[in-house]
Structures are given as structure tokens and as C-alpha cells.
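Shown here: target.txt, compact mmCIF, C-alpha atoms.
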```txt
# COMPACT_ATOMS: atom_id res chain seq x y z
CA MET S 1 0.00 0.00 0.00
CA HIS S 2 2.94 2.31 0.50
CA GLU S 3 4.62 1.39 -2.78
CA LEU S 4 4.69 5.01 -3.94
CA SER S 5 6.91 6.15 -1.06
CA VAL S 6 9.03 3.03 -1.50
CA THR S 7 9.43 3.77 -5.22
CA GLU S 8 10.53 7.30 -4.36
CA SER S 9 13.19 5.87 -2.05
CA ILE S 10 14.43 3.58 -4.83
CA ALA S 11 14.64 6.55 -7.20
CA ALA S 12 16.51 8.64 -4.62
CA ILE S 13 19.07 5.88 -4.11
CA CYS S 14 19.47 5.39 -7.88
CA LEU S 15 19.86 9.07 -8.64
CA LYS S 16 22.42 9.55 -5.87
CA HIS S 17 24.61 6.75 -7.22
CA ALA S 18 24.04 7.80 -10.83
CA LEU S 19 25.24 11.30 -9.99
CA GLN S 20 28.28 10.01 -8.06
CA ASN S 21 29.25 7.95 -11.11
CA ASN S 22 28.51 10.63 -13.71
CA ALA S 23 25.93 8.44 -15.40
CA ARG S 24 24.18 9.75 -18.47
CA ARG S 25 21.48 7.17 -18.11
CA VAL S 26 20.41 4.41 -15.73
CA LEU S 27 19.57 1.30 -17.75
CA LYS S 28 18.63 -1.18 -15.08
CA VAL S 29 18.05 -1.30 -11.34
CA ASN S 30 18.65 -4.61 -9.58
CA ILE S 31 16.51 -4.87 -6.45
CA LYS S 32 16.64 -7.68 -3.92
CA LEU S 33 13.18 -8.34 -2.54
CA GLY S 34 12.61 -10.83 0.26
CA GLU S 35 9.35 -12.72 0.07
CA LEU S 36 8.48 -11.89 3.68
CA THR S 37 8.28 -8.15 2.98
CA GLY S 38 4.88 -6.84 2.06
CA ILE S 39 6.14 -5.11 -1.07
CA VAL S 40 4.39 -5.92 -4.34
CA ASP S 41 6.86 -5.52 -7.21
CA HIS S 42 4.08 -4.99 -9.72
CA TYR S 43 3.00 -1.79 -7.96
CA VAL S 44 6.55 -0.52 -7.60
CA SER S 45 6.98 -0.94 -11.36
CA PHE S 46 3.69 0.82 -11.90
CA TYR S 47 4.85 3.90 -9.97
CA TRP S 48 8.38 3.78 -11.37
CA ASP S 49 7.50 5.37 -14.74
CA LEU S 50 5.93 8.27 -12.91
CA VAL S 51 8.69 8.71 -10.33
CA ALA S 52 11.63 8.34 -12.73
CA LYS S 53 10.15 10.59 -15.41
CA ASP S 54 12.48 13.42 -16.50
CA THR S 55 15.43 12.00 -14.54
CA VAL S 56 18.47 10.01 -15.76
CA ALA S 57 16.62 6.93 -14.57
CA GLN S 58 13.69 7.44 -16.92
CA GLY S 59 13.05 4.24 -18.84
CA ALA S 60 15.31 2.13 -16.60
CA GLU S 61 14.24 -1.47 -16.15
CA LEU S 62 13.46 -2.60 -12.61
CA ASN S 63 14.79 -6.10 -12.07
CA PHE S 64 13.42 -7.74 -8.92
CA ILE S 65 15.48 -10.59 -7.53
CA LYS S 66 13.11 -12.50 -5.25
CA ILE S 67 14.69 -13.94 -2.11
CA PRO S 68 12.87 -16.93 -0.61
CA VAL S 69 12.12 -17.13 3.10
CA MET S 70 14.73 -19.42 4.66
CA ALA S 71 15.34 -20.41 8.27
CA TYR S 72 18.10 -22.28 10.11
CA CYS S 73 17.46 -25.18 12.45
CA SER S 74 20.19 -25.43 15.09
CA ARG S 75 19.21 -29.00 15.89
CA CYS S 76 19.50 -30.29 12.28
CA LYS S 77 22.27 -27.79 11.57
CA GLU S 78 20.77 -26.90 8.23
CA GLU S 79 18.65 -24.35 6.45
CA PHE S 80 15.15 -25.01 5.20
CA LYS S 81 12.69 -23.17 3.01
CA VAL S 82 9.88 -21.68 5.03
CA GLU S 83 6.44 -22.55 3.66
CA GLU S 84 3.34 -20.63 4.72
CA TYR S 85 5.41 -18.56 7.20
CA ASP S 86 5.77 -21.61 9.43
CA LEU S 87 9.18 -21.39 11.11
CA THR S 88 8.93 -24.90 12.57
CA CYS S 89 11.66 -27.19 11.17
CA PRO S 90 9.90 -29.59 8.76
CA LYS S 91 12.45 -32.31 9.55
CA CYS S 92 12.63 -32.44 13.35
CA GLY S 93 9.77 -30.17 14.46
CA GLU S 94 12.01 -27.71 16.33
CA ALA S 95 10.10 -24.45 16.83
CA ASP S 96 13.02 -22.29 17.88
CA THR S 97 14.61 -21.71 14.48
CA GLU S 98 16.23 -18.60 13.10
CA LEU S 99 15.10 -16.62 10.08
CA VAL S 100 18.00 -16.37 7.62
CA SER S 101 16.48 -14.59 4.65
CA GLY S 102 13.24 -13.16 3.33
CA ARG S 103 13.34 -9.67 4.85
CA GLU S 104 15.69 -8.15 2.24
CA PHE S 105 14.69 -5.02 0.44
CA LEU S 106 17.62 -3.22 -1.10
CA VAL S 107 18.98 -1.74 -4.26
CA GLU S 108 21.76 -4.19 -4.99
CA SER S 109 23.24 -2.51 -8.06
CA ILE S 110 22.48 -0.25 -10.96
CA GLU S 111 23.56 -0.51 -14.56
CA ILE S 112 24.51 2.81 -16.08
CA GLU S 113 26.05 4.30 -19.19
CA MET F 114 28.67 -0.48 -16.45
CA GLU F 115 27.30 -2.06 -13.29
CA ILE F 116 27.68 -0.20 -10.00
CA ASP F 117 27.29 -1.94 -6.64
CA VAL F 118 24.88 -0.03 -4.45
CA LEU F 119 23.78 -2.35 -1.62
CA GLU F 120 21.59 0.28 -0.02
CA GLY F 121 18.48 -0.71 1.91
CA ILE F 122 15.32 0.97 0.68
CA PHE F 123 14.14 1.50 4.27
CA ASP F 124 17.58 2.75 5.41
CA ALA F 125 16.54 6.40 5.58
CA ASN F 126 13.64 5.50 7.89
CA GLU F 127 15.72 3.12 9.95
CA LYS F 128 18.41 5.73 10.57
CA ILE F 129 15.85 8.12 12.04
CA ALA F 130 14.26 5.24 13.98
CA ARG F 131 17.63 4.56 15.62
CA GLU F 132 17.90 8.24 16.56
CA ASN F 133 14.41 8.11 18.12
CA GLU F 134 15.36 4.94 19.95
CA ALA F 135 18.46 6.62 21.39
CA LEU F 136 16.29 9.51 22.57
CA PHE F 137 13.85 7.13 24.28
CA LEU F 138 16.73 5.30 25.93
CA LYS F 139 18.35 8.52 27.15
CA ASN F 140 15.06 9.62 28.72
CA ARG F 141 14.22 6.09 29.91
CA VAL F 142 10.85 6.13 28.20
CA PHE F 143 9.47 2.71 27.31
CA THR F 144 7.86 3.15 23.89
CA VAL F 145 5.16 0.93 22.44
CA ASN F 146 4.19 0.86 18.77
CA LEU F 147 0.57 -0.31 18.81
CA MET F 148 -0.63 -1.69 15.49
CA ALA F 149 -3.92 -3.22 14.37
CA SER F 150 -6.59 -2.98 11.70
CA PRO F 151 -9.24 -0.26 11.95
CA GLY F 152 -11.78 -1.09 14.64
CA ALA F 153 -9.72 -3.74 16.43
CA GLY F 154 -9.72 -1.62 19.59
CA LYS F 155 -6.47 0.37 19.62
CA THR F 156 -7.96 3.51 21.15
CA SER F 157 -10.13 1.48 23.55
CA LEU F 158 -7.10 -0.47 24.74
CA ILE F 159 -5.15 2.77 25.26
CA ALA F 160 -8.05 4.33 27.20
CA ASN F 161 -8.33 1.24 29.40
CA THR F 162 -4.56 1.12 29.90
CA LEU F 163 -4.61 4.77 31.02
CA GLU F 164 -7.43 3.97 33.39
CA LEU F 165 -5.44 1.14 34.97
CA LEU F 166 -1.91 2.55 34.91
CA ARG F 167 -2.07 6.32 35.11
CA ASP F 168 -1.65 6.31 38.89
CA ARG F 169 1.41 4.09 38.63
CA LEU F 170 3.14 5.45 35.50
CA ARG F 171 3.56 8.75 33.71
CA ILE F 172 2.09 8.02 30.27
CA GLY F 173 2.02 9.94 26.99
CA VAL F 174 0.26 9.02 23.75
CA ILE F 175 0.97 9.76 20.10
CA GLU F 176 -2.13 9.24 17.97
CA GLY F 177 -1.58 8.43 14.32
CA ASP F 178 -4.46 8.75 11.91
CA ILE F 179 -4.85 9.50 8.24
CA ALA F 180 -7.12 12.42 9.18
CA SER F 181 -9.09 13.90 12.12
CA SER F 182 -8.33 14.24 15.83
CA VAL F 183 -11.23 12.03 16.96
CA ASP F 184 -8.97 9.67 18.93
CA ALA F 185 -6.95 12.41 20.60
CA GLU F 186 -10.22 14.04 21.69
CA LYS F 187 -11.36 10.77 23.28
CA LEU F 188 -8.21 10.66 25.41
CA LYS F 189 -8.54 14.27 26.59
CA VAL F 190 -10.44 13.21 29.71
CA TYR F 191 -7.31 11.50 31.06
CA ASP F 192 -5.39 14.76 31.21
CA ILE F 193 -2.14 13.29 29.88
CA PRO F 194 0.14 14.52 27.06
CA VAL F 195 -1.38 13.54 23.70
CA VAL F 196 0.03 14.49 20.30
CA GLN F 197 -2.03 13.87 17.18
CA ILE F 198 -0.28 13.07 13.91
CA ASN F 199 -2.29 13.26 10.71
CA THR F 200 -0.47 11.39 8.01
CA GLY F 201 -2.42 13.14 5.26
CA GLY F 202 -3.22 9.95 3.41
CA ALA F 203 -0.19 7.82 4.27
CA CYS F 204 -1.11 4.33 5.41
CA HIS F 205 1.44 4.11 8.24
CA LEU F 206 3.51 6.18 10.63
CA ASP F 207 7.21 6.53 9.91
CA ALA F 208 10.16 7.44 12.08
CA ASN F 209 10.34 11.01 10.84
CA MET F 210 6.69 11.68 11.80
CA ILE F 211 7.51 10.47 15.31
CA ARG F 212 10.60 12.66 15.48
CA GLN F 213 8.48 15.69 14.63
CA ALA F 214 5.80 14.70 17.14
CA LEU F 215 8.48 14.44 19.84
CA ASP F 216 9.05 18.19 19.55
CA HIS F 217 5.67 18.50 21.25
CA MET F 218 6.23 15.89 23.94
CA ASP F 219 8.34 16.25 27.10
CA LEU F 220 10.05 12.86 27.24
CA GLY F 221 11.68 13.71 30.56
CA ALA F 222 8.22 13.69 32.14
CA LEU F 223 7.24 10.21 30.90
CA ASP F 224 7.77 6.56 31.80
CA LEU F 225 5.68 5.08 29.00
CA LEU F 226 4.88 6.38 25.53
CA ILE F 227 2.18 4.60 23.53
CA ILE F 228 2.12 5.26 19.79
CA GLU F 229 -1.17 4.36 18.15
CA ASN F 230 -0.32 3.55 14.55
CA VAL F 231 -2.64 4.01 11.58
CA GLY F 232 -5.30 1.30 11.40
CA ASN F 233 -3.77 -1.15 8.93
CA LEU F 234 -2.39 -4.69 9.23
CA VAL F 235 0.10 -4.33 6.38
CA CYS F 236 2.17 -1.17 6.09
CA PRO F 237 2.95 -0.20 9.71
CA ALA F 238 4.92 -3.44 10.06
CA GLU F 239 7.52 -2.24 7.56
CA PHE F 240 8.38 1.03 9.28
CA LYS F 241 10.31 1.03 12.53
CA LEU F 242 9.67 4.05 14.72
CA GLY F 243 12.33 3.52 17.38
CA GLU F 244 9.99 1.62 19.71
CA ALA F 245 11.09 -0.84 22.40
CA LEU F 246 7.94 -2.94 22.02
CA ARG F 247 5.95 -3.84 18.94
CA ALA F 248 2.43 -4.69 20.01
CA MET F 249 -0.51 -5.67 17.87
CA ILE F 250 -4.18 -6.27 18.44
CA LEU F 251 -6.35 -8.77 16.62
CA SER F 252 -10.02 -8.69 17.50
CA VAL F 253 -12.20 -11.77 17.57
CA ALA F 254 -14.52 -10.10 15.03
CA GLU F 255 -11.73 -10.17 12.42
CA GLY F 256 -11.37 -13.95 12.46
CA HIS F 257 -8.54 -16.31 13.41
CA ASP F 258 -7.28 -16.66 9.85
CA LYS F 259 -5.47 -13.31 9.72
CA PRO F 260 -1.89 -14.38 10.59
CA LEU F 261 -1.35 -16.16 7.27
CA LYS F 262 -2.83 -13.23 5.37
CA TYR F 263 -0.77 -10.56 7.13
CA PRO F 264 2.34 -12.49 8.12
CA LEU F 265 4.80 -9.67 8.60
CA MET F 266 2.98 -8.01 11.48
CA PHE F 267 2.40 -11.30 13.30
CA SER F 268 6.04 -12.31 12.71
CA ASP F 269 7.42 -9.02 13.99
CA SER F 270 5.30 -8.22 17.03
CA GLN F 271 6.45 -9.12 20.52
CA VAL F 272 2.97 -9.20 21.96
CA LEU F 273 -0.39 -10.04 20.41
CA VAL F 274 -3.46 -8.82 22.23
CA VAL F 275 -6.61 -10.69 21.23
CA ASN F 276 -9.43 -8.23 21.93
CA LYS F 277 -13.22 -8.62 22.01
CA THR F 278 -13.13 -12.03 23.68
CA ASP F 279 -16.72 -11.31 24.76
CA LEU F 280 -17.63 -12.19 21.14
CA LEU F 281 -16.12 -15.68 21.39
CA GLY F 282 -18.75 -18.29 20.59
CA LEU F 283 -20.82 -15.93 18.45
CA GLY F 284 -18.85 -16.76 15.31
CA ASP F 285 -16.35 -19.43 14.34
CA PHE F 286 -13.24 -17.81 15.84
CA ASP F 287 -10.90 -20.58 16.99
CA MET F 288 -8.48 -19.36 19.68
CA GLU F 289 -6.48 -22.58 19.75
CA GLU F 290 -5.98 -22.48 16.00
CA LEU F 291 -4.89 -18.83 16.21
CA ARG F 292 -2.34 -19.61 18.93
CA ARG F 293 -1.02 -22.60 17.03
CA VAL F 294 -0.49 -20.68 13.77
CA VAL F 295 0.96 -17.54 15.39
CA LEU F 296 3.40 -19.47 17.57
CA ARG F 297 4.65 -21.36 14.53
CA MET F 298 5.41 -18.03 12.85
CA ASN F 299 6.75 -16.33 15.94
CA PRO F 300 7.61 -18.72 18.81
CA ASP F 301 8.58 -15.92 21.22
CA ILE F 302 5.39 -13.86 20.94
CA VAL F 303 3.29 -13.28 24.07
CA ILE F 304 -0.44 -13.75 23.45
CA LEU F 305 -2.89 -12.06 25.82
CA GLU F 306 -6.67 -12.38 25.62
CA LEU F 307 -8.93 -9.61 26.81
CA SER F 308 -12.12 -7.68 26.25
CA CYS F 309 -12.07 -3.89 26.42
CA ARG F 310 -15.87 -4.04 26.62
CA THR F 311 -16.22 -6.27 29.68
CA GLY F 312 -12.79 -5.63 31.20
CA ASP F 313 -11.90 -9.33 31.24
CA GLY F 314 -8.15 -9.81 30.98
CA LEU F 315 -7.35 -6.09 31.14
CA PRO F 316 -5.58 -6.19 34.53
CA GLY F 317 -3.32 -8.96 33.19
CA TRP F 318 -2.34 -6.81 30.22
CA ALA F 319 -1.82 -3.72 32.40
CA ASP F 320 0.39 -5.62 34.86
CA TRP F 321 2.40 -7.14 32.03
CA LEU F 322 2.95 -3.70 30.45
CA TYR F 323 3.77 -2.18 33.84
CA ASP F 324 6.45 -4.80 34.46
CA LYS F 325 7.92 -4.27 30.98
CA THR F 326 8.01 -0.50 31.52
CA LYS F 327 9.64 -0.81 34.93
CA ALA F 328 12.25 -3.25 33.61
CA PHE F 329 13.25 -0.86 30.81
```
Same coordinates, now as C-alpha cells:
Amino acid sequence: MHELSVTESIAAICLKHALQNNARRVLKVNIKLGELTGIVDHYVSFYWDLVAKDTVAQGAELNFIKIPVMAYCSRCKEEFKVEEYDLTCPKCGEADTELVSGREFLVESIEIE
Amino acid sequence: MEIDVLEGIFDANEKIARENEALFLKNRVFTVNLMASPGAGKTSLIANTLELLRDRLRIGVIEGDIASSVDAEKLKVYDIPVVQINTGGACHLDANMIRQALDHMDLGALDLLIIENVGNLVCPAEFKLGEALRAMILSVAEGHDKPLKYPLMFSDSQVLVVNKTDLLGLGDFDMEELRRVVLRMNPDIVILELSCRTGDGLPGWADWLYDKTKAF
């Protein structure tokens, strides 16, 4: 629901790095998006055209790299993919596991010319 | 040419949240971010908490709403510091709104600050405010199936208050199922059942919050 403000943050980060690197144009923005965040990439892309208009990032492609929700079981000493937000280890039933990934939301890199 | 950026999209908010947190720590104010959907009972829970704790703790409230000062008006009778934030359409509070609200709040005169977030089960979960405690309310009227629909808030909260327990039995709300699902998502969460309407369970919540505040 707050994808507009999020898209503005993405643009601000892109433009800052584009300026620092004397970019004429931003071609692509690589964004890591954990599947536990509530961000809907479709809506970010929808706002992007509006937010990036008349900047060096106008027309840049947004590339979302989805990160699955993973947790670590200290009893089995291994990671497992979390299904349906259930952090219980599917192998041994341990409830006290640790979330390893799924909360990421960052601009990983930009491609410029 | 590819440039590494590695910059979190919520970093700007989180930086201000850490500054708020430092301010709360310095003033030893235990701060609660209270989140729930509209109508779950956020303002009622705050009013009842004030009723039960205002003689034992110095309490302030920040009210977050998209528009109006209806909730702040309701709390006027308690004669405590209340600051109303109108987000002007935004679906959540962010750390910068809290920082601005703090200009109108004397932290040195408080033990407990309750921030009532905008009624919404989605967006407030993404924005840290600098709080020491993330609390959420789910009311029986909303149904026990909400955790899987709004996982982030249930995963991130440290306490879940189940309100409107006086409605249990009128619908198909299954408390055991709710507990089972929530604890699988968040094994450390504290779940408290109460009814702001009948008062059942309220002293338990108030004592729990009092202990947390005193231990801060």
C-alpha cells in the first residue's frame, strides 16, 4: 500500500549513485526483494514510470530478484525453506529456528552508461 | 557499467528510527508501537490502559491517523500529554513523523509512551519508529485466519493482544488455531486475551505492560 513512497526511495538511491558515477542514463536497477516483505513488485513498477520521469533513470528497467524465506534449524544444523510462514523445522519439528532470509529489500546494483 | 549499491530501501527511515530509539533510551521512556486494523480496539485499549496505569506510571500518547483528531479528543479526559499526527493519506507512521511529534512531547516527564499507529495490518509493520515494544491487536470479530494473510505483522510483534473475547462463541473464531499458527510463525510472541468491553483480561495486560516498563 505504500509502494509510492518506496518507489521514491528507490529513485533517490538510484539518482544519488548515478550522480556520483557521472551516469548519463540508468539502464537497469537490480533490487533484492525478500518474500516476507509486504512489497508488491508490480505496484513498484507501476509507480516507477511516474517517479523516474524526467530523470536520468527514466526508462530504466526494474529487475526484482526475489529472495525466498529461509530459516536455520540449530538441531538439524541446516537451512530449510519456510512454507506458509511456518518457522517450525519440517524435519525435526524444532520451533526455535532462526530466520536467515526473506526480509531483504535493497537496491543491490544499478547498470549505467 | 554495473555499480554496486547495496543500499536498503528503508535505510533512511531506519536511521531516524535509531535516533528516536536513542532519545527514548536517554530519557528512559518505554515506547510501544501499537498496530492493528481499523476497529480492532487500539484507542479502547489505550483508554483502558490509562485507566489502569495512570496512577502508577507517567504516560504519553501519540495518535496516528490518516485524518481527524477524533482519537486524541477521546483521550482528553485523562489529562495526559497527547500528540495527534495526521499522516495526510499515508497508510502508516514513519520514524520522521515520530521525530516531529516528539518536539511537542516532554520525554523527561514520561515513563511510558504509547504510539497508536494508523489502522492497517500491512504497512505499519515495515516502518520502525524507534519503539522498544511492537504490540498488535487482533479482535475476535476479524477472524482467526489473519496471521497467514498478514504475516509480517504477526512475525514481527512481541505481543499479540486478542481483543473482544466477549464475542467468542458468536462466530467461528478458533483461539487454539490462532495460537497454534501464530506461535509457529513467531515462537517468542506473548499472546494475551482480553475484552475492552467487559474488562476481562485487562488487569493482566496492564500488569504485564507495567512490568515491561519498569524493567526498561
May I have a table of the residues of chain F lying at most 12 Å from chain S, giving each one's closest pair of atoms and their distance in Å to one decimal, counting only C-alpha atoms, ordered by chain and ascending residue number, as JSON lines?
```
{"residue": "F:Met114", "atom": "CA", "partner": "S:Ile112", "partner_atom": "CA", "distance": 5.3}
{"residue": "F:Glu115", "atom": "CA", "partner": "S:Glu111", "partner_atom": "CA", "distance": 4.2}
{"residue": "F:Ile116", "atom": "CA", "partner": "S:Ile110", "partner_atom": "CA", "distance": 5.3}
{"residue": "F:Asp117", "atom": "CA", "partner": "S:Ser109", "partner_atom": "CA", "distance": 4.3}
{"residue": "F:Val118", "atom": "CA", "partner": "S:Ser109", "partner_atom": "CA", "distance": 4.7}
{"residue": "F:Leu119", "atom": "CA", "partner": "S:Glu108", "partner_atom": "CA", "distance": 4.3}
{"residue": "F:Glu120", "atom": "CA", "partner": "S:Val107", "partner_atom": "CA", "distance": 5.4}
{"residue": "F:Gly121", "atom": "CA", "partner": "S:Leu106", "partner_atom": "CA", "distance": 4.0}
{"residue": "F:Ile122", "atom": "CA", "partner": "S:Leu106", "partner_atom": "CA", "distance": 5.1}
{"residue": "F:Phe123", "atom": "CA", "partner": "S:Phe105", "partner_atom": "CA", "distance": 7.6}
{"residue": "F:Asp124", "atom": "CA", "partner": "S:Leu106", "partner_atom": "CA", "distance": 8.8}
{"residue": "F:Ala125", "atom": "CA", "partner": "S:Ser9", "partner_atom": "CA", "distance": 8.3}
{"residue": "F:Asn126", "atom": "CA", "partner": "S:Ser9", "partner_atom": "CA", "distance": 10.0}
{"residue": "F:Gly202", "atom": "CA", "partner": "S:His2", "partner_atom": "CA", "distance": 10.2}
{"residue": "F:Ala203", "atom": "CA", "partner": "S:His2", "partner_atom": "CA", "distance": 7.4}
{"residue": "F:Cys204", "atom": "CA", "partner": "S:His2", "partner_atom": "CA", "distance": 6.7}
{"residue": "F:His205", "atom": "CA", "partner": "S:His2", "partner_atom": "CA", "distance": 8.1}
{"residue": "F:Leu206", "atom": "CA", "partner": "S:His2", "partner_atom": "CA", "distance": 10.9}
{"residue": "F:Asp207", "atom": "CA", "partner": "S:Ser5", "partner_atom": "CA", "distance": 11.0}
{"residue": "F:Asn233", "atom": "CA", "partner": "S:Met1", "partner_atom": "CA", "distance": 9.8}
{"residue": "F:Leu234", "atom": "CA", "partner": "S:Gly38", "partner_atom": "CA", "distance": 10.4}
{"residue": "F:Val235", "atom": "CA", "partner": "S:Gly38", "partner_atom": "CA", "distance": 6.9}
{"residue": "F:Cys236", "atom": "CA", "partner": "S:Met1", "partner_atom": "CA", "distance": 6.6}
{"residue": "F:Pro237", "atom": "CA", "partner": "S:His2", "partner_atom": "CA", "distance": 9.5}
{"residue": "F:Ala238", "atom": "CA", "partner": "S:Gly38", "partner_atom": "CA", "distance": 8.7}
{"residue": "F:Glu239", "atom": "CA", "partner": "S:Thr37", "partner_atom": "CA", "distance": 7.5}
{"residue": "F:Phe240", "atom": "CA", "partner": "S:His2", "partner_atom": "CA", "distance": 10.4}
{"residue": "F:Pro260", "atom": "CA", "partner": "S:Tyr85", "partner_atom": "CA", "distance": 9.1}
{"residue": "F:Leu261", "atom": "CA", "partner": "S:Glu84", "partner_atom": "CA", "distance": 7.0}
{"residue": "F:Lys262", "atom": "CA", "partner": "S:Glu84", "partner_atom": "CA", "distance": 9.7}
{"residue": "F:Tyr263", "atom": "CA", "partner": "S:Gly38", "partner_atom": "CA", "distance": 8.5}
{"residue": "F:Pro264", "atom": "CA", "partner": "S:Tyr85", "partner_atom": "CA", "distance": 6.9}
{"residue": "F:Leu265", "atom": "CA", "partner": "S:Leu36", "partner_atom": "CA", "distance": 6.5}
{"residue": "F:Met266", "atom": "CA", "partner": "S:Gly38", "partner_atom": "CA", "distance": 9.7}
{"residue": "F:Phe267", "atom": "CA", "partner": "S:Tyr85", "partner_atom": "CA", "distance": 9.9}
{"residue": "F:Ser268", "atom": "CA", "partner": "S:Tyr85", "partner_atom": "CA", "distance": 8.4}
{"residue": "F:Asp269", "atom": "CA", "partner": "S:Leu36", "partner_atom": "CA", "distance": 10.8}
{"residue": "F:Arg293", "atom": "CA", "partner": "S:Asp86", "partner_atom": "CA", "distance": 10.2}
{"residue": "F:Val294", "atom": "CA", "partner": "S:Asp86", "partner_atom": "CA", "distance": 7.7}
{"residue": "F:Val295", "atom": "CA", "partner": "S:Asp86", "partner_atom": "CA", "distance": 8.7}
{"residue": "F:Leu296", "atom": "CA", "partner": "S:Ala95", "partner_atom": "CA", "distance": 8.4}
{"residue": "F:Arg297", "atom": "CA", "partner": "S:Asp86", "partner_atom": "CA", "distance": 5.2}
{"residue": "F:Met298", "atom": "CA", "partner": "S:Asp86", "partner_atom": "CA", "distance": 5.0}
{"residue": "F:Asn299", "atom": "CA", "partner": "S:Leu87", "partner_atom": "CA", "distance": 7.4}
{"residue": "F:Pro300", "atom": "CA", "partner": "S:Asp96", "partner_atom": "CA", "distance": 6.5}
{"residue": "F:Asp301", "atom": "CA", "partner": "S:Asp96", "partner_atom": "CA", "distance": 8.5}
{"residue": "F:Ile302", "atom": "CA", "partner": "S:Asp96", "partner_atom": "CA", "distance": 11.8}
```
(message) Just want the 10 Å neighbourhood of Ile304 of chain F, counted on all atoms listed in the file, with same-chain residues fewer than 4 positions away dropped. Output as a list in words.
(response)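 Answer for this query is Met249, Ile250, Gln271, Val272, Leu273, Val274, Val275, Leu291, Arg292, Val295, Leu296 and Trp318 of chain F.
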(request) Would you work out the distance separating atom CA of Asp279 of chain F from atom CA of Gly312 of chain F, expressed in Å to one decimal? (result)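 The value is 9.4 Å.
Reported to one decimal place, the separation of atom CA of Val40 of chain S from atom CA of Ser150 of chain F is 19.7 Å.
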(message) Just the number, please: distance in Å from atom CA of Phe329 of chain F to atom CA of Leu136 of chain F, one decimal.
(response)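 Atom CA of Leu136 of chain F lies at a distance of 13.6 Å from atom CA of Phe329 of chain F.
Nearest-residue note for Leu33 of chain S: choosing from S:Asp54, S:Ala60, S:Ile67, S:Tyr72, the minimum distance belongs to S:Ile67, counting all atoms listed in the file.
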(request) Find, counting all atoms listed in the file, the residue in F:Asp219, F:Glu134, F:Glu127, F:Asp224 that gets nearest to Asp324 of chain F. (result) F:Asp224
